[in-house]
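K.L.:
Let me give you the structure first, and then I'll get to my questions.
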Amino acid sequence: MFDVIIIGGGAAGFYTAIHIAEAKPNLKIAILERGKDVLGKVKVSGGGRCNVTHAEFDPKELTKNYPRGEKELLGPFHTYCSGDTVGFFEERGITLKIEPDGRMFPESDSSQTIIDCFLEEANRLGIKILKHSAVSKIESIPLEDTETGWQITTIKHAYQCKKVVVATGSNPKIWKLLEKLGHSLVPAVPSLFTFNCKDERISGIPGVSTMAEVEVFENQIYQSKVTTKLKSNSSKSAVLTSDGPLLITHWGLSGPAILKLSAWGARLLSGMEYRFKIRVNWLPEYSFDGLFGLLMEIKDIEAKKTVLRTKAVEVPRRLWTNLVRASDISETDKWADVTKNQLEKLARQLTECQLKIDGKSTFKEEFVTAGGIDLKEVNFKTYESKKLPGMYFAGEIIDVDAITGGFNFQNAWTGGYIAAQAIAKSF
């Protein structure tokens with residue numbers, strides 16, 4: 001008989017267990033992990049460096065990074081925020097460093113530092129870790145002192161406990177068990193993914209990265225042929241917009257600008273079956289009119305030089321070359337010789353570049369799904385189920401997800417801490 005069982009040996013599960021054990025050292029606590037290893041997602045996070053959290057210490061600003069859960073997380077972040085996470089690791093001898101983009105990593109640049117910390121703490125606090133323990137049944141049972149408790153059945157054994165924490169992320173088998181117990185689950189869709197795109201303008205230049213603005217449009221808005229009449233259609237408003245670094249890959253487009261779109265538009269893009277049009281401004285500081293005016297000036301100033309070799313604006317050279325060619329300007333055309341129509345096309349390619357997206361590729365290192373326990377069924381002051389007293393949730397099991405940058409882990413740390421405090425107080 002355990003006092004508390006945590007289902008799921010990931011980040012949220014360990015963080016919850018450690019905080020319960022610290023608050024109530026005499027409790028018998030077990031973590032059930034279905035696989036042969038714990039903390040698998042921690043290991044691969046941030047390319048093996050573990051993006052622990054983000055250097056955003058204002059709760060209201062922090063919530064703006066959560067496409068689902070923004071409103072619900074405001075209170076929890078006032079209770080336990082990024083600074084508290086930094087303090088937790090510092091108390092255990094782990095200093096976190098801040099990258100220029102705000103992401104925070106252990107100074108060691110190794111996720112093993114975080115894994116070792118959790119395993120050492122679990123060992124120190126007497127938390128039992130039971131691997132190869134896939135859960136097949138969760139049921140409410142009466143206990144001797146008339147309270148209700150839980151029986152958790154695994155492939156090996158049936159365990160009983162007074163309180164249970166579900167921290168299994170988007171495990172479909174656990175979702176089905178919770179539905180049987182009466183919970184509503186929002187269907188899962190991928191939340192962080194890259195865009196597949198085959199287009200001559202971005203082919204042959206993988207690795208090119210630049211700041212850009214990206215807009216998503218529904219399929220019917222534009223014809224596939226790029227014309228100078230595009231601007232007359234621009235009143236059709238974008239359904240999603242984003243900006244930031246954009247990375248051209250072998251299969252299409254990635255980088256923070258794309259990953260933000262994939263997170264905020266997770267359900268919308270799923271509904272489009274990942275087939276839609278985007279418009280990219282490779283020069284966010286320019287509009288079409290402003291850039292066209294600049295190109296007309298350059299036509300006079302650089303008259304004797306070829307357009308291809310004279311990179312007139314701050315975009316990567318290989319991208320410039322592709323966009324010049326897409327504007328019907330040849331390698332030998334000089335600025336003096338290009339027509340007004342050709343320069344209009346070039347200005348369009350640079351500020352209103354239309355690309356057709358046909359599918360997605362999962363961003364495996366930061367694999368996140370939108371979906372899970374309906375937010376209305378969770379008490380965010382305690383992370384206890386509103387339907388099943390004595391059951392608590394932590395991490396991605398609830399319908400909360402974030403953009404990439406350490407925010408998903410912060411959700412796990414915050415939920416784990418608050419659930420732990422509520423459980424500790426209940427004993």
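Residues are named by chain letter and number: chains run A, B, ... in the order of the structure tokens, numbers start at 1 in each chain, and ligands are numbered from 1 in the order shown.
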Please, which residues in region 341-400 of chain A fall within 12 Å of region 151-168 of chain A when counting only C-alpha atoms, and what is the closest atom pair and distance in Å to one decimal for each, ordered by chain then residue number, as a Markdown table?
P.N.:
```
| residue | atom | partner | partner_atom | distance |
| --- | --- | --- | --- | --- |
| A:Gly372 | CA | A:Thr168 | CA | 10.3 |
| A:Ile373 | CA | A:Val166 | CA | 10.6 |
| A:Thr382 | CA | A:Val165 | CA | 11.6 |
| A:Tyr383 | CA | A:Val165 | CA | 9.4 |
| A:Glu384 | CA | A:Val165 | CA | 8.7 |
| A:Ser385 | CA | A:Val165 | CA | 9.8 |
| A:Leu388 | CA | A:Val164 | CA | 10.3 |
| A:Pro389 | CA | A:Lys163 | CA | 8.8 |
| A:Gly390 | CA | A:Lys163 | CA | 5.0 |
| A:Met391 | CA | A:Val164 | CA | 5.0 |
| A:Tyr392 | CA | A:Val165 | CA | 4.6 |
| A:Phe393 | CA | A:Val166 | CA | 5.0 |
| A:Ala394 | CA | A:Ala167 | CA | 5.0 |
| A:Gly395 | CA | A:Ala167 | CA | 5.9 |
| A:Glu396 | CA | A:Ala167 | CA | 7.3 |
| A:Ile397 | CA | A:Thr168 | CA | 6.0 |
| A:Ile398 | CA | A:Ala167 | CA | 9.0 |
```
K.L.:
Could you list, as a PyMOL selection string, every residue within 12 Å of Phe89 (chain A), counting only C-alpha atoms and ignoring same-chain residues fewer than 3 positions away?
P.N.:
chain A and resi 15+52-53+82-86+92-97+104-107+113-118+121+413
K.L.:
For a quick check of understanding, using only C-alpha atoms, which of A:Leu268, A:Val214, A:Leu246, A:Leu291 has the smallest distance to Gln354 (chain A)?
P.N.:
A:Val214
K.L.:
Quick one: pick out all strand (DSSP E or B) residues within region 8-216 of chain A from a backbone DSSP run and write them as a VMD selection string.
P.N.:
chain A and resid 29 to 32 53 to 54 68 96 to 98 103 to 106 128 to 130 135 to 142 148 to 154 158 to 166 185 to 190 193 to 196 209 to 216
K.L.:
Which is closer to Gly406 (chain A) than all the others in A:Tyr66, A:Phe292, A:Trp251, A:Phe380, using only C-alpha atoms?
P.N.:
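Checking each of A:Tyr66, A:Phe292, A:Trp251, A:Phe380 against Gly406 (chain A), counting only C-alpha atoms, the winner is A:Tyr66.
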K.L.:
In Å, with one decimal, what is the gap from CA of Gly35 (chain A) to CA of Leu375 (chain A)?
P.N.:
27.8 Å
K.L.:
DSSP on the backbone, then: every residue of region 124-341 of chain A marked alpha helix (DSSP H), written as a VMD selection string.
P.N.:
chain A and resid 124 172 to 180 256 to 264 266 to 271 288 to 301 317 to 326 340 to 341
K.L.:
Name the closest residue to Cys81 (chain A) among the candidates A:Arg348, A:Lys425, A:Gly244, A:Phe409; distances are taken between atoms, counting only C-alpha atoms.
P.N.:
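Nearest candidate to Cys81 (chain A) out of A:Arg348, A:Lys425, A:Gly244, A:Phe409: A:Phe409.
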K.L.:
Name the closest residue to Ala23 (chain A) among the candidates A:Leu247, A:Leu125, A:Lys180, A:Gly169; distances are taken between atoms, counting only C-alpha atoms.
P.N.:
A:Leu125
K.L.:
Can you pull out every residue within 12 Å of Val400 (chain A), counting only C-alpha atoms, but drop anything in the same chain fewer than 4 positions away, and send it as JSON, numbers by chain?
P.N.:
{"A": [63, 65, 66, 67, 68, 69, 70, 71, 72, 73, 169, 170, 185, 186, 188, 191, 263, 264, 368, 369, 370, 371, 372, 373, 374, 375, 376, 378, 380, 393, 394, 395, 396, 407, 408, 409, 410, 411, 412, 415]}
K.L.:
Pick from A:Ala17, A:Val338, A:Leu343, A:Met272: nearest to Gly293 (chain A), with only C-alpha atoms counted?
P.N.:
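The answer is A:Leu343, which sits nearest to Gly293 (chain A).
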K.L.:
Counting only C-alpha atoms, which of A:Lys360, A:Arg279, A:Glu90, A:Val315 gets nearest to Cys197 (chain A)?
P.N.:
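Going through A:Lys360, A:Arg279, A:Glu90, A:Val315 one by one, the smallest distance to Cys197 (chain A) is for A:Lys360.
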K.L.:
Can you pull out every residue within 8 Å of region 265-267 of chain A, counting only C-alpha atoms, but drop anything in the same chain fewer than 4 positions away, and send it as a PyMOL selection string?
P.N.:
chain A and resi 189-192+240+261+271+370
K.L.:
Do you know which residues are at most 6 Å from region 42-44 of chain A counting only C-alpha atoms, after dropping those on the same chain fewer than 2 positions away, and could you put them as a compact mmCIF listing (two decimals) with C-alpha atoms, in the first residue's frame?
P.N.:
```txt
# COMPACT_ATOMS: atom_id res chain seq x y z
CA LEU A 39 12.93 10.72 -18.14
CA GLY A 40 13.24 9.89 -21.86
CA GLY A 47 19.20 18.47 -28.70
CA GLY A 48 20.38 16.60 -25.61
CA SER A 111 20.45 16.73 -20.15
CA GLU A 365 13.22 16.62 -30.26
```
